[in-house]
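Pasted below: structure.cif, mmCIF, C-alpha atoms.
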```cif
data_entry
#
loop_
_atom_site.group_PDB
_atom_site.id
_atom_site.type_symbol
_atom_site.label_atom_id
_atom_site.label_comp_id
_atom_site.auth_asym_id
_atom_site.auth_seq_id
_atom_site.Cartn_x
_atom_site.Cartn_y
_atom_site.Cartn_z
ATOM 1 C CA MET A 11 -20.667 -83.278 -12.017
ATOM 2 C CA PHE A 12 -21.303 -83.641 -8.356
ATOM 3 C CA SER A 13 -19.038 -85.106 -5.732
ATOM 4 C CA TYR A 14 -20.483 -86.584 -2.593
ATOM 5 C CA TRP A 15 -18.903 -86.667 0.780
ATOM 6 C CA LYS A 16 -20.001 -87.445 4.273
ATOM 7 C CA SER A 17 -19.620 -85.385 7.382
ATOM 8 C CA VAL A 18 -20.789 -85.760 10.961
ATOM 9 C CA ILE A 19 -22.787 -82.820 12.329
ATOM 10 C CA LEU A 20 -24.084 -82.883 15.909
ATOM 11 C CA GLY A 21 -23.388 -86.608 16.087
ATOM 12 C CA LYS A 22 -25.540 -87.383 13.052
ATOM 13 C CA GLU A 23 -24.160 -88.593 9.762
ATOM 14 C CA VAL A 24 -25.427 -86.580 6.832
ATOM 15 C CA GLN A 25 -24.738 -86.709 3.150
ATOM 16 C CA ARG A 26 -23.901 -83.446 1.385
ATOM 17 C CA GLU A 27 -23.854 -82.570 -2.264
ATOM 18 C CA GLU A 28 -21.100 -80.285 -3.460
ATOM 19 C CA ILE A 29 -20.784 -78.734 -6.899
ATOM 20 C CA ASN A 30 -17.306 -79.023 -8.367
ATOM 21 C CA GLN A 31 -15.976 -75.476 -8.612
ATOM 22 C CA PRO A 32 -12.801 -74.443 -10.465
ATOM 23 C CA PRO A 33 -9.890 -73.770 -8.107
ATOM 24 C CA PRO A 34 -9.492 -70.116 -7.032
ATOM 25 C CA LEU A 35 -5.883 -70.055 -8.248
ATOM 26 C CA LEU A 36 -4.969 -70.722 -11.867
ATOM 27 C CA ASP A 37 -2.299 -73.284 -12.739
ATOM 28 C CA THR A 38 -0.777 -70.730 -15.121
ATOM 29 C CA PRO A 39 -0.881 -66.958 -14.397
ATOM 30 C CA TRP A 40 -3.056 -65.021 -16.825
ATOM 31 C CA ARG A 41 -0.257 -62.452 -17.103
ATOM 32 C CA GLU A 42 3.432 -62.952 -16.480
ATOM 33 C CA LEU A 43 5.166 -60.682 -13.981
ATOM 34 C CA LYS A 44 8.055 -61.525 -11.697
ATOM 35 C CA PHE A 45 8.207 -59.914 -8.264
ATOM 36 C CA THR A 46 11.954 -59.538 -7.756
ATOM 37 C CA LYS A 47 14.289 -56.689 -6.892
ATOM 38 C CA GLU A 48 15.781 -56.955 -10.376
ATOM 39 C CA VAL A 49 12.390 -56.438 -12.017
ATOM 40 C CA ARG A 50 11.666 -53.479 -9.764
ATOM 41 C CA THR A 51 14.989 -51.879 -10.724
ATOM 42 C CA GLU A 52 14.405 -52.499 -14.438
ATOM 43 C CA LEU A 53 10.945 -50.934 -14.322
ATOM 44 C CA PHE A 54 12.212 -48.012 -12.248
ATOM 45 C CA GLU A 55 15.032 -47.204 -14.669
ATOM 46 C CA ASP A 56 12.926 -47.757 -17.791
ATOM 47 C CA ILE A 57 10.371 -45.207 -16.596
ATOM 48 C CA LYS A 58 13.007 -42.639 -15.625
ATOM 49 C CA LYS A 59 14.545 -42.656 -19.104
ATOM 50 C CA TYR A 60 11.214 -42.371 -20.932
ATOM 51 C CA THR A 61 10.976 -39.638 -23.577
ATOM 52 C CA THR A 62 8.074 -38.532 -25.766
ATOM 53 C CA LYS A 63 10.365 -38.339 -28.836
ATOM 54 C CA THR A 64 8.568 -35.206 -29.944
ATOM 55 C CA ASP A 65 9.580 -31.558 -29.585
ATOM 56 C CA ASP A 66 5.966 -30.512 -29.019
ATOM 57 C CA VAL A 67 5.540 -32.275 -25.657
ATOM 58 C CA GLU A 68 8.101 -32.687 -22.903
ATOM 59 C CA GLN A 69 5.875 -34.744 -20.597
ATOM 60 C CA PRO A 70 2.760 -36.754 -21.452
ATOM 61 C CA ARG A 71 -0.376 -35.710 -19.558
ATOM 62 C CA ILE A 72 -2.092 -38.717 -18.001
ATOM 63 C CA LEU A 73 -5.722 -38.121 -17.053
ATOM 64 C CA LEU A 74 -7.139 -40.195 -14.191
ATOM 65 C CA ILE A 75 -10.932 -40.659 -14.397
ATOM 66 C CA GLY A 76 -13.005 -42.590 -11.886
ATOM 67 C CA GLN A 77 -15.655 -42.607 -9.215
ATOM 68 C CA ILE A 78 -15.208 -40.988 -5.832
ATOM 69 C CA LYS A 79 -12.881 -43.093 -3.636
ATOM 70 C CA ALA A 80 -11.846 -45.318 -6.560
ATOM 71 C CA GLY A 81 -8.175 -44.536 -5.935
ATOM 72 C CA LYS A 82 -7.192 -41.782 -8.408
ATOM 73 C CA SER A 83 -5.340 -39.599 -5.920
ATOM 74 C CA SER A 84 -4.002 -42.687 -4.151
ATOM 75 C CA PHE A 85 -2.359 -43.878 -7.369
ATOM 76 C CA PHE A 86 -0.549 -40.572 -7.784
ATOM 77 C CA ASN A 87 0.554 -40.758 -4.144
ATOM 78 C CA SER A 88 1.762 -44.312 -4.705
ATOM 79 C CA VAL A 89 3.814 -43.386 -7.782
ATOM 80 C CA ASN A 90 5.236 -40.438 -5.876
ATOM 81 C CA SER A 91 6.120 -42.740 -2.986
ATOM 82 C CA VAL A 92 7.968 -45.247 -5.176
ATOM 83 C CA PHE A 93 10.218 -42.588 -6.676
ATOM 84 C CA LYS A 94 10.743 -40.702 -3.413
ATOM 85 C CA GLY A 95 11.722 -43.896 -1.616
ATOM 86 C CA TYR A 96 9.152 -43.575 1.169
ATOM 87 C CA PRO A 97 5.340 -43.203 1.433
ATOM 88 C CA VAL A 98 4.166 -39.725 0.425
ATOM 89 C CA PHE A 99 0.560 -38.527 0.531
ATOM 90 C CA GLN A 100 0.660 -35.259 -1.420
ATOM 91 C CA ALA A 101 -2.761 -35.585 -3.031
ATOM 92 C CA THR A 102 -5.430 -35.580 -0.336
ATOM 93 C CA VAL A 103 -7.553 -38.726 -0.146
ATOM 94 C CA ARG A 104 -10.986 -38.906 1.454
ATOM 95 C CA GLU A 105 -12.226 -42.300 2.593
ATOM 96 C CA THR A 106 -15.797 -41.163 3.293
ATOM 97 C CA GLY A 107 -18.140 -38.502 1.943
ATOM 98 C CA GLY A 108 -17.905 -36.720 -1.405
ATOM 99 C CA SER A 109 -15.021 -36.090 -3.742
ATOM 100 C CA MET A 110 -11.994 -34.474 -2.098
ATOM 101 C CA THR A 111 -10.780 -33.254 -5.498
ATOM 102 C CA LYS A 112 -12.794 -30.178 -6.509
ATOM 103 C CA HIS A 113 -10.301 -28.667 -8.941
ATOM 104 C CA CYS A 114 -8.420 -29.784 -12.013
ATOM 105 C CA ARG A 115 -5.013 -30.524 -10.535
ATOM 106 C CA THR A 116 -1.802 -31.195 -12.411
ATOM 107 C CA TYR A 117 0.778 -33.202 -10.493
ATOM 108 C CA ARG A 118 4.416 -33.670 -11.415
ATOM 109 C CA VAL A 119 6.558 -36.326 -9.787
ATOM 110 C CA TYR A 120 10.120 -35.874 -8.541
ATOM 111 C CA ASP A 121 12.548 -38.557 -7.438
ATOM 112 C CA SER A 122 14.629 -38.660 -4.269
ATOM 113 C CA ASN A 123 17.237 -36.392 -5.935
ATOM 114 C CA ASP A 124 14.522 -33.834 -6.737
ATOM 115 C CA GLU A 125 14.786 -34.610 -10.446
ATOM 116 C CA LYS A 126 11.569 -34.236 -12.434
ATOM 117 C CA LEU A 127 10.149 -37.477 -13.828
ATOM 118 C CA PRO A 128 9.048 -37.570 -17.511
ATOM 119 C CA PHE A 129 5.256 -37.584 -17.024
ATOM 120 C CA THR A 130 2.427 -35.538 -15.528
ATOM 121 C CA PHE A 131 -0.798 -36.642 -13.841
ATOM 122 C CA CYS A 132 -4.063 -34.770 -14.223
ATOM 123 C CA ASP A 133 -6.482 -35.429 -11.354
ATOM 124 C CA ILE A 134 -10.089 -34.284 -11.541
ATOM 125 C CA MET A 135 -13.299 -34.455 -9.536
ATOM 126 C CA GLY A 136 -14.821 -37.921 -9.162
ATOM 127 C CA LEU A 137 -17.315 -39.196 -11.736
ATOM 128 C CA GLU A 138 -20.685 -40.182 -10.282
ATOM 129 C CA PRO A 139 -23.836 -41.720 -11.820
ATOM 130 C CA TYR A 140 -26.079 -38.875 -10.665
ATOM 131 C CA ASN A 141 -26.083 -35.593 -12.565
ATOM 132 C CA ASP A 142 -26.083 -33.379 -9.474
ATOM 133 C CA LYS A 143 -22.967 -35.009 -8.020
ATOM 134 C CA GLY A 144 -19.442 -35.440 -9.285
ATOM 135 C CA ILE A 145 -17.869 -33.991 -12.402
ATOM 136 C CA ILE A 146 -19.922 -33.409 -15.559
ATOM 137 C CA VAL A 147 -18.869 -35.337 -18.686
ATOM 138 C CA LYS A 148 -18.629 -32.135 -20.727
ATOM 139 C CA ASP A 149 -15.992 -30.843 -18.312
ATOM 140 C CA ILE A 150 -14.001 -34.061 -18.696
ATOM 141 C CA ILE A 151 -14.042 -33.747 -22.473
ATOM 142 C CA ASN A 152 -12.856 -30.126 -22.202
ATOM 143 C CA VAL A 153 -9.993 -31.316 -19.982
ATOM 144 C CA ILE A 154 -9.074 -33.948 -22.586
ATOM 145 C CA LYS A 155 -9.034 -31.314 -25.351
ATOM 146 C CA GLY A 156 -6.828 -28.996 -23.290
ATOM 147 C CA TYR A 157 -9.338 -26.219 -22.651
ATOM 148 C CA ILE A 158 -9.388 -26.375 -18.844
ATOM 149 C CA PRO A 159 -6.375 -24.952 -16.999
ATOM 150 C CA ASP A 160 -4.733 -26.215 -13.863
ATOM 151 C CA ASN A 161 -6.567 -25.419 -10.617
ATOM 152 C CA TYR A 162 -9.885 -24.808 -12.370
ATOM 153 C CA LYS A 163 -12.764 -25.410 -9.940
ATOM 154 C CA PHE A 164 -15.471 -27.750 -11.176
ATOM 155 C CA ASP A 165 -19.164 -27.135 -10.634
ATOM 156 C CA PRO A 166 -21.156 -30.421 -10.507
ATOM 157 C CA THR A 167 -24.376 -28.551 -11.318
ATOM 158 C CA GLU A 168 -23.179 -26.674 -14.401
ATOM 159 C CA ALA A 169 -20.528 -27.294 -17.044
ATOM 160 C CA LYS A 170 -18.925 -24.074 -18.234
ATOM 161 C CA GLU A 171 -17.498 -24.080 -21.729
ATOM 162 C CA ILE A 172 -14.175 -22.326 -21.401
ATOM 163 C CA CYS A 173 -10.915 -21.974 -23.225
ATOM 164 C CA MET A 174 -7.644 -20.336 -22.404
ATOM 165 C CA THR A 175 -7.790 -17.522 -24.984
ATOM 166 C CA CYS A 176 -10.753 -18.310 -27.286
ATOM 167 C CA THR A 177 -8.559 -17.151 -30.174
ATOM 168 C CA GLU A 178 -6.246 -20.097 -30.640
ATOM 169 C CA GLN A 179 -6.455 -23.860 -30.223
ATOM 170 C CA PRO A 180 -4.636 -25.539 -27.328
ATOM 171 C CA SER A 181 -1.252 -26.972 -28.259
ATOM 172 C CA LEU A 182 -0.546 -30.679 -28.149
ATOM 173 C CA ALA A 183 1.168 -30.161 -24.780
ATOM 174 C CA ASP A 184 -2.065 -28.734 -23.302
ATOM 175 C CA LYS A 185 -4.091 -31.824 -24.155
ATOM 176 C CA VAL A 186 -4.399 -35.226 -22.506
ATOM 177 C CA HIS A 187 -2.239 -37.927 -24.072
ATOM 178 C CA CYS A 188 -3.483 -40.996 -22.228
ATOM 179 C CA ILE A 189 -6.666 -41.707 -20.253
ATOM 180 C CA VAL A 190 -6.781 -44.103 -17.323
ATOM 181 C CA TYR A 191 -10.173 -45.145 -15.967
ATOM 182 C CA VAL A 192 -9.689 -45.923 -12.277
ATOM 183 C CA ILE A 193 -12.120 -48.566 -10.991
ATOM 184 C CA ASP A 194 -12.401 -50.012 -7.481
ATOM 185 C CA ALA A 195 -12.288 -53.816 -7.792
ATOM 186 C CA ASN A 196 -14.813 -54.035 -4.953
ATOM 187 C CA ALA A 197 -17.330 -51.719 -6.627
ATOM 188 C CA VAL A 198 -17.632 -53.370 -10.037
ATOM 189 C CA SER A 199 -20.937 -54.990 -9.055
ATOM 190 C CA LEU A 200 -22.357 -51.532 -8.203
ATOM 191 C CA TRP A 201 -21.943 -50.303 -11.782
ATOM 192 C CA ASN A 202 -25.233 -48.950 -13.157
ATOM 193 C CA ASN A 203 -26.620 -47.767 -16.487
ATOM 194 C CA GLU A 204 -26.165 -44.059 -15.724
ATOM 195 C CA LEU A 205 -22.484 -44.517 -14.958
ATOM 196 C CA GLN A 206 -22.090 -46.795 -17.986
ATOM 197 C CA ASN A 207 -23.548 -44.107 -20.240
ATOM 198 C CA LYS A 208 -21.100 -41.516 -18.934
ATOM 199 C CA PHE A 209 -18.111 -43.791 -19.494
ATOM 200 C CA GLU A 210 -19.308 -44.588 -23.019
ATOM 201 C CA GLU A 211 -19.637 -40.889 -23.845
ATOM 202 C CA ILE A 212 -16.069 -40.228 -22.718
ATOM 203 C CA LEU A 213 -14.786 -43.367 -24.419
ATOM 204 C CA GLU A 214 -16.382 -42.438 -27.737
ATOM 205 C CA GLU A 215 -14.926 -38.919 -27.746
ATOM 206 C CA ALA A 216 -11.474 -40.118 -26.674
ATOM 207 C CA HIS A 217 -11.570 -42.773 -29.385
ATOM 208 C CA ARG A 218 -12.483 -40.115 -31.952
ATOM 209 C CA LEU A 219 -9.478 -38.079 -30.836
ATOM 210 C CA GLY A 220 -7.218 -41.139 -31.019
ATOM 211 C CA ILE A 221 -6.254 -41.008 -27.334
ATOM 212 C CA PRO A 222 -5.196 -44.342 -25.781
ATOM 213 C CA GLN A 223 -7.363 -45.572 -22.908
ATOM 214 C CA LEU A 224 -6.661 -48.037 -20.135
ATOM 215 C CA VAL A 225 -8.358 -49.279 -16.978
ATOM 216 C CA MET A 226 -6.696 -49.371 -13.575
ATOM 217 C CA LEU A 227 -8.272 -51.928 -11.252
ATOM 218 C CA THR A 228 -7.508 -50.756 -7.709
ATOM 219 C CA LYS A 229 -7.783 -52.388 -4.274
ATOM 220 C CA VAL A 230 -7.269 -55.875 -5.687
ATOM 221 C CA ASP A 231 -5.978 -57.037 -2.309
ATOM 222 C CA LEU A 232 -9.364 -56.274 -0.747
ATOM 223 C CA ALA A 233 -11.209 -58.065 -3.546
ATOM 224 C CA CYS A 234 -9.417 -61.405 -3.193
ATOM 225 C CA ASN A 235 -8.143 -62.980 0.033
ATOM 226 C CA PHE A 236 -5.426 -64.914 -1.799
ATOM 227 C CA VAL A 237 -4.069 -61.649 -3.189
ATOM 228 C CA LYS A 238 -4.397 -60.014 0.222
ATOM 229 C CA GLU A 239 -2.219 -62.748 1.735
ATOM 230 C CA ASP A 240 0.269 -62.692 -1.134
ATOM 231 C CA LEU A 241 0.263 -59.900 -3.710
ATOM 232 C CA THR A 242 2.283 -62.040 -6.135
ATOM 233 C CA LYS A 243 -0.872 -64.133 -6.643
ATOM 234 C CA VAL A 244 -2.647 -61.228 -8.380
ATOM 235 C CA TYR A 245 -2.181 -62.766 -11.844
ATOM 236 C CA GLN A 246 -2.893 -66.249 -10.580
ATOM 237 C CA SER A 247 -6.207 -65.302 -8.999
ATOM 238 C CA ARG A 248 -9.135 -66.547 -11.051
ATOM 239 C CA TYR A 249 -11.392 -63.932 -9.456
ATOM 240 C CA ILE A 250 -9.124 -61.012 -10.425
ATOM 241 C CA GLN A 251 -8.893 -62.407 -13.948
ATOM 242 C CA GLU A 252 -12.699 -62.548 -14.153
ATOM 243 C CA LEU A 253 -12.920 -58.970 -12.870
ATOM 244 C CA ALA A 254 -10.403 -57.825 -15.496
ATOM 245 C CA ILE A 255 -12.484 -59.430 -18.243
ATOM 246 C CA LYS A 256 -15.679 -57.913 -16.860
ATOM 247 C CA VAL A 257 -14.400 -54.335 -16.607
ATOM 248 C CA SER A 258 -12.792 -54.571 -20.043
ATOM 249 C CA GLN A 259 -16.219 -55.372 -21.469
ATOM 250 C CA MET A 260 -17.923 -52.681 -19.389
ATOM 251 C CA VAL A 261 -15.538 -49.905 -20.344
ATOM 252 C CA GLY A 262 -14.722 -51.123 -23.848
ATOM 253 C CA VAL A 263 -10.968 -51.718 -23.741
ATOM 254 C CA PRO A 264 -8.941 -54.917 -24.297
ATOM 255 C CA VAL A 265 -8.132 -57.094 -21.278
ATOM 256 C CA SER A 266 -4.473 -56.298 -21.956
ATOM 257 C CA SER A 267 -5.317 -52.685 -21.082
ATOM 258 C CA VAL A 268 -6.603 -53.579 -17.587
ATOM 259 C CA LEU A 269 -3.952 -52.909 -14.931
ATOM 260 C CA PRO A 270 -4.445 -54.389 -11.424
ATOM 261 C CA VAL A 271 -2.773 -52.336 -8.684
ATOM 262 C CA ARG A 272 -2.633 -52.024 -4.955
ATOM 263 C CA ASN A 273 -2.009 -48.444 -3.774
ATOM 264 C CA TYR A 274 -0.219 -47.250 -0.681
ATOM 265 C CA TRP A 275 -2.647 -45.840 1.866
ATOM 266 C CA PHE A 276 -1.546 -46.665 5.418
ATOM 267 C CA GLU A 277 2.073 -47.863 5.226
ATOM 268 C CA THR A 278 5.074 -46.086 6.690
ATOM 269 C CA ASP A 279 7.537 -48.117 4.599
ATOM 270 C CA LEU A 280 7.595 -49.260 0.981
ATOM 271 C CA ASN A 281 6.834 -52.799 -0.151
ATOM 272 C CA MET A 282 8.621 -54.271 -3.174
ATOM 273 C CA LYS A 283 5.528 -56.158 -4.407
ATOM 274 C CA VAL A 284 3.354 -53.037 -4.264
ATOM 275 C CA ASP A 285 6.093 -51.061 -6.038
ATOM 276 C CA ILE A 286 6.274 -53.548 -8.903
ATOM 277 C CA LEU A 287 2.529 -53.438 -9.597
ATOM 278 C CA ILE A 288 2.586 -49.625 -9.507
ATOM 279 C CA LEU A 289 5.643 -49.394 -11.759
ATOM 280 C CA LYS A 290 4.340 -51.978 -14.228
ATOM 281 C CA ALA A 291 1.057 -50.073 -14.556
ATOM 282 C CA LEU A 292 2.918 -46.785 -15.099
ATOM 283 C CA GLN A 293 5.239 -48.352 -17.676
ATOM 284 C CA THR A 294 2.224 -49.632 -19.639
ATOM 285 C CA ILE A 295 0.575 -46.197 -19.480
ATOM 286 C CA LEU A 296 3.708 -44.460 -20.789
ATOM 287 C CA ARG A 297 4.088 -46.985 -23.592
ATOM 288 C CA GLN A 298 0.530 -46.264 -24.717
ATOM 289 C CA ALA A 299 1.195 -42.529 -24.565
ATOM 290 C CA GLY A 300 4.296 -43.162 -26.674
ATOM 291 C CA ALA A 301 2.174 -44.939 -29.272
ATOM 292 C CA PHE A 302 -0.088 -41.869 -29.385
ATOM 293 C CA PHE A 303 2.872 -39.578 -30.096
ATOM 294 C CA ASP A 304 4.062 -41.943 -32.827
ATOM 295 C CA GLU A 305 0.651 -41.662 -34.445
ATOM 296 C CA VAL A 306 0.743 -37.862 -34.174
ATOM 297 C CA LYS A 307 4.144 -37.772 -35.863
ATOM 298 C CA GLN A 308 2.883 -39.963 -38.677
ATOM 299 C CA ARG A 309 -0.090 -37.665 -39.219
ATOM 300 C CA GLY A 310 2.171 -34.616 -39.127
ATOM 301 C CA ASN A 311 -0.461 -32.413 -37.466
ATOM 302 C CA SER A 312 0.676 -32.279 -33.871
ATOM 303 C CA ARG A 313 -0.954 -28.920 -33.195
ATOM 304 C CA GLU A 314 -4.269 -29.667 -34.852
ATOM 305 C CA ALA A 315 -7.299 -30.130 -32.601
ATOM 306 C CA PRO A 316 -11.030 -30.466 -33.166
ATOM 307 C CA PRO A 317 -12.436 -26.913 -32.884
ATOM 308 C CA LEU A 318 -14.463 -25.909 -29.853
ATOM 309 C CA ASN A 319 -17.287 -23.490 -30.497
ATOM 310 C CA CYS A 320 -16.280 -20.302 -28.706
ATOM 311 C CA GLU A 321 -19.556 -18.486 -29.241
ATOM 312 C CA GLY A 322 -20.871 -17.369 -25.890
ATOM 313 C CA ILE A 323 -17.901 -18.903 -24.046
ATOM 314 C CA SER A 324 -16.784 -17.148 -20.922
ATOM 315 C CA CYS A 325 -13.036 -16.574 -20.655
ATOM 316 C CA ASN A 326 -13.261 -15.530 -17.034
ATOM 317 C CA ILE A 327 -11.344 -18.415 -15.499
ATOM 318 C CA SER A 328 -11.815 -18.792 -11.763
ATOM 319 C CA ASN A 329 -9.025 -20.481 -9.843
ATOM 320 C CA SER A 330 -10.780 -20.239 -6.518
#
```
For the structure just supplied, provide its representation as structure tokens.
Amino acid sequence: MFSYWKSVILGKEVQREEINQPPPLLDTPWRELKFTKEVRTELFEDIKKYTTKTDDVEQPRILLIGQIKAGKSSFFNSVNSVFKGYPVFQATVRETGGSMTKHCRTYRVYDSNDEKLPFTFCDIMGLEPYNDKGIIVKDIINVIKGYIPDNYKFDPTEAKEICMTCTEQPSLADKVHCIVYVIDANAVSLWNNELQNKFEEILEEAHRLGIPQLVMLTKVDLACNFVKEDLTKVYQSRYIQELAIKVSQMVGVPVSSVLPVRNYWFETDLNMKVDILILKALQTILRQAGAFFDEVKQRGNSREAPPLNCEGISCNISNS
């Protein structure tokens, strides 16, 4: 259907043809979330009291995977900020150039009373479509299986098969318990076949291991002007909904596993709306990790892991 309207341009009357487009904001949000102080408090307290309900793991290890500058380190900083009560930028973020993260880094979060929170983030080198840049998929899979220690330095030109002792399998606590693919909402259109293949390789192995996987859609405020003006419109934005559907199909996870967030990156004070999106994403991640532990308990083989061939593996771990 076309609607016709008249306008006067340079004193001349012209007739224009306009295609009826759906409104940019949905009548009903595609996901319900209230942005109130009460909701923030509920999310905050729910996360603090989280437990794995297993003696084998005190804190779930959450692996953040994504391209350079997608917002992996920024998400950790944002979570840290929410629980500290003020913006904190512990993990270094680079806005230009290559990946700032060169090592496998494990980050724990502490609240304003210096109490340890019940989860751990694992940040790694950025994933890139070209084989001579960014982390190699084989290294990511070794991180997932628990074979790469904290502060291990990645080499984008060569994946080294390593293990901690080569004589015993990593414990359940050494492994990754939930994977979060971090994707810049403004870079979805730049996705290419090489990057797609790498994500599919990781996805397939993680699925084989039974590890829950989610997608974090970052920088949603820069992707949609309505969200930029009012963050509470994030689940009312038709464009953000379409992006969520698109990345769910690209990565291979349900739309319910796509988590829109807006990280802290320049503020000197916290914002309740930003906090709620961060906390809601973290709550969802921890719930998925909890489902993984439930499955492990049902199987009754919490320490079992697919064997890694140790023939010819170097145990000389470099932390430089």
For this session: Given the file shown, enumerate the residues that the PyMOL selection byres ((chain A and resi 289) around 8) captures and present them as a list in words.
Result: Arg50, Leu53, Phe54, Ile57, Val89, Asp285, Ile286, Leu287, Ile288, Lys290, Ala291, Leu292 and Gln293 of chain A
Seminar exercise, completed: With distances taken over all atoms listed in the file, the candidate from A:Phe45, A:Tyr157, A:Phe86, A:Phe131 nearest Lys283 in chain A is A:Phe45
Problem set entry | Spatial sel., origin (-3.3, -42.1, -5.8), limit 9 Å, all atoms listed in the file, listed as a list in words | Gly81, Lys82, Ser83, Ser84, Phe85, Phe86, Asn87, Ser88, Val89, Asn90, Phe99, Ala101, Thr102, Val103, Asn273, Tyr274 and Trp275 of chain A
Problem set entry | Contacts of Ile134 in chain A within 9 Å, all atoms listed in the file, excl. fewer than 5 positions in-chain, as an NGL selection string | :A and (73-76 or 82 or 111-116 or 145 or 150 or 153 or 164)
For this session: Find the residues around Tyr120 in chain A up to 9 Å (only C-alpha atoms counted), leave out those fewer than 3 positions away in its own chain, and share them as a ChimeraX atom specification.
Result: /A:90,93-94,123-127
For this session: Can you work out which one of A:Tyr117, A:Ile212, A:Lys47, A:Ile78 has the shortest atom-to-atom distance to Leu137 in chain A, counting only C-alpha atoms?
Result: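 For Leu137 in chain A, the nearest of the candidates is A:Ile78.
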Exercise. Hey, can you check how far CA of Asp304 in chain A sits from CA of Tyr191 in chain A?
Worked result: 22.3 Å
Problem set entry | One-decimal distance in Å that lies between CA of Leu227 in chain A and CA of Leu280 in chain A |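 Going from CA of Leu280 in chain A over to CA of Leu227 in chain A covers 20.2 Å.
Across A:Asp194, A:Lys229, A:Glu305, A:Pro32, the tightest approach to Val244 in chain A is made by A:Lys229 when counting all atoms listed in the file.
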For this session: Identify which of the residues A:Arg272, A:Arg41, A:Lys79, A:His217 lies closest to Ala197 in chain A, counting only C-alpha atoms when measuring atom-to-atom distances.
Result: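 Answer, going by the shortest atom-to-atom distance: A:Lys79.
Counting all atoms listed in the file and comparing A:Thr130, A:Asn235, A:Ser122, A:Thr64, the residue that lies closest to Pro97 in chain A is A:Ser122.
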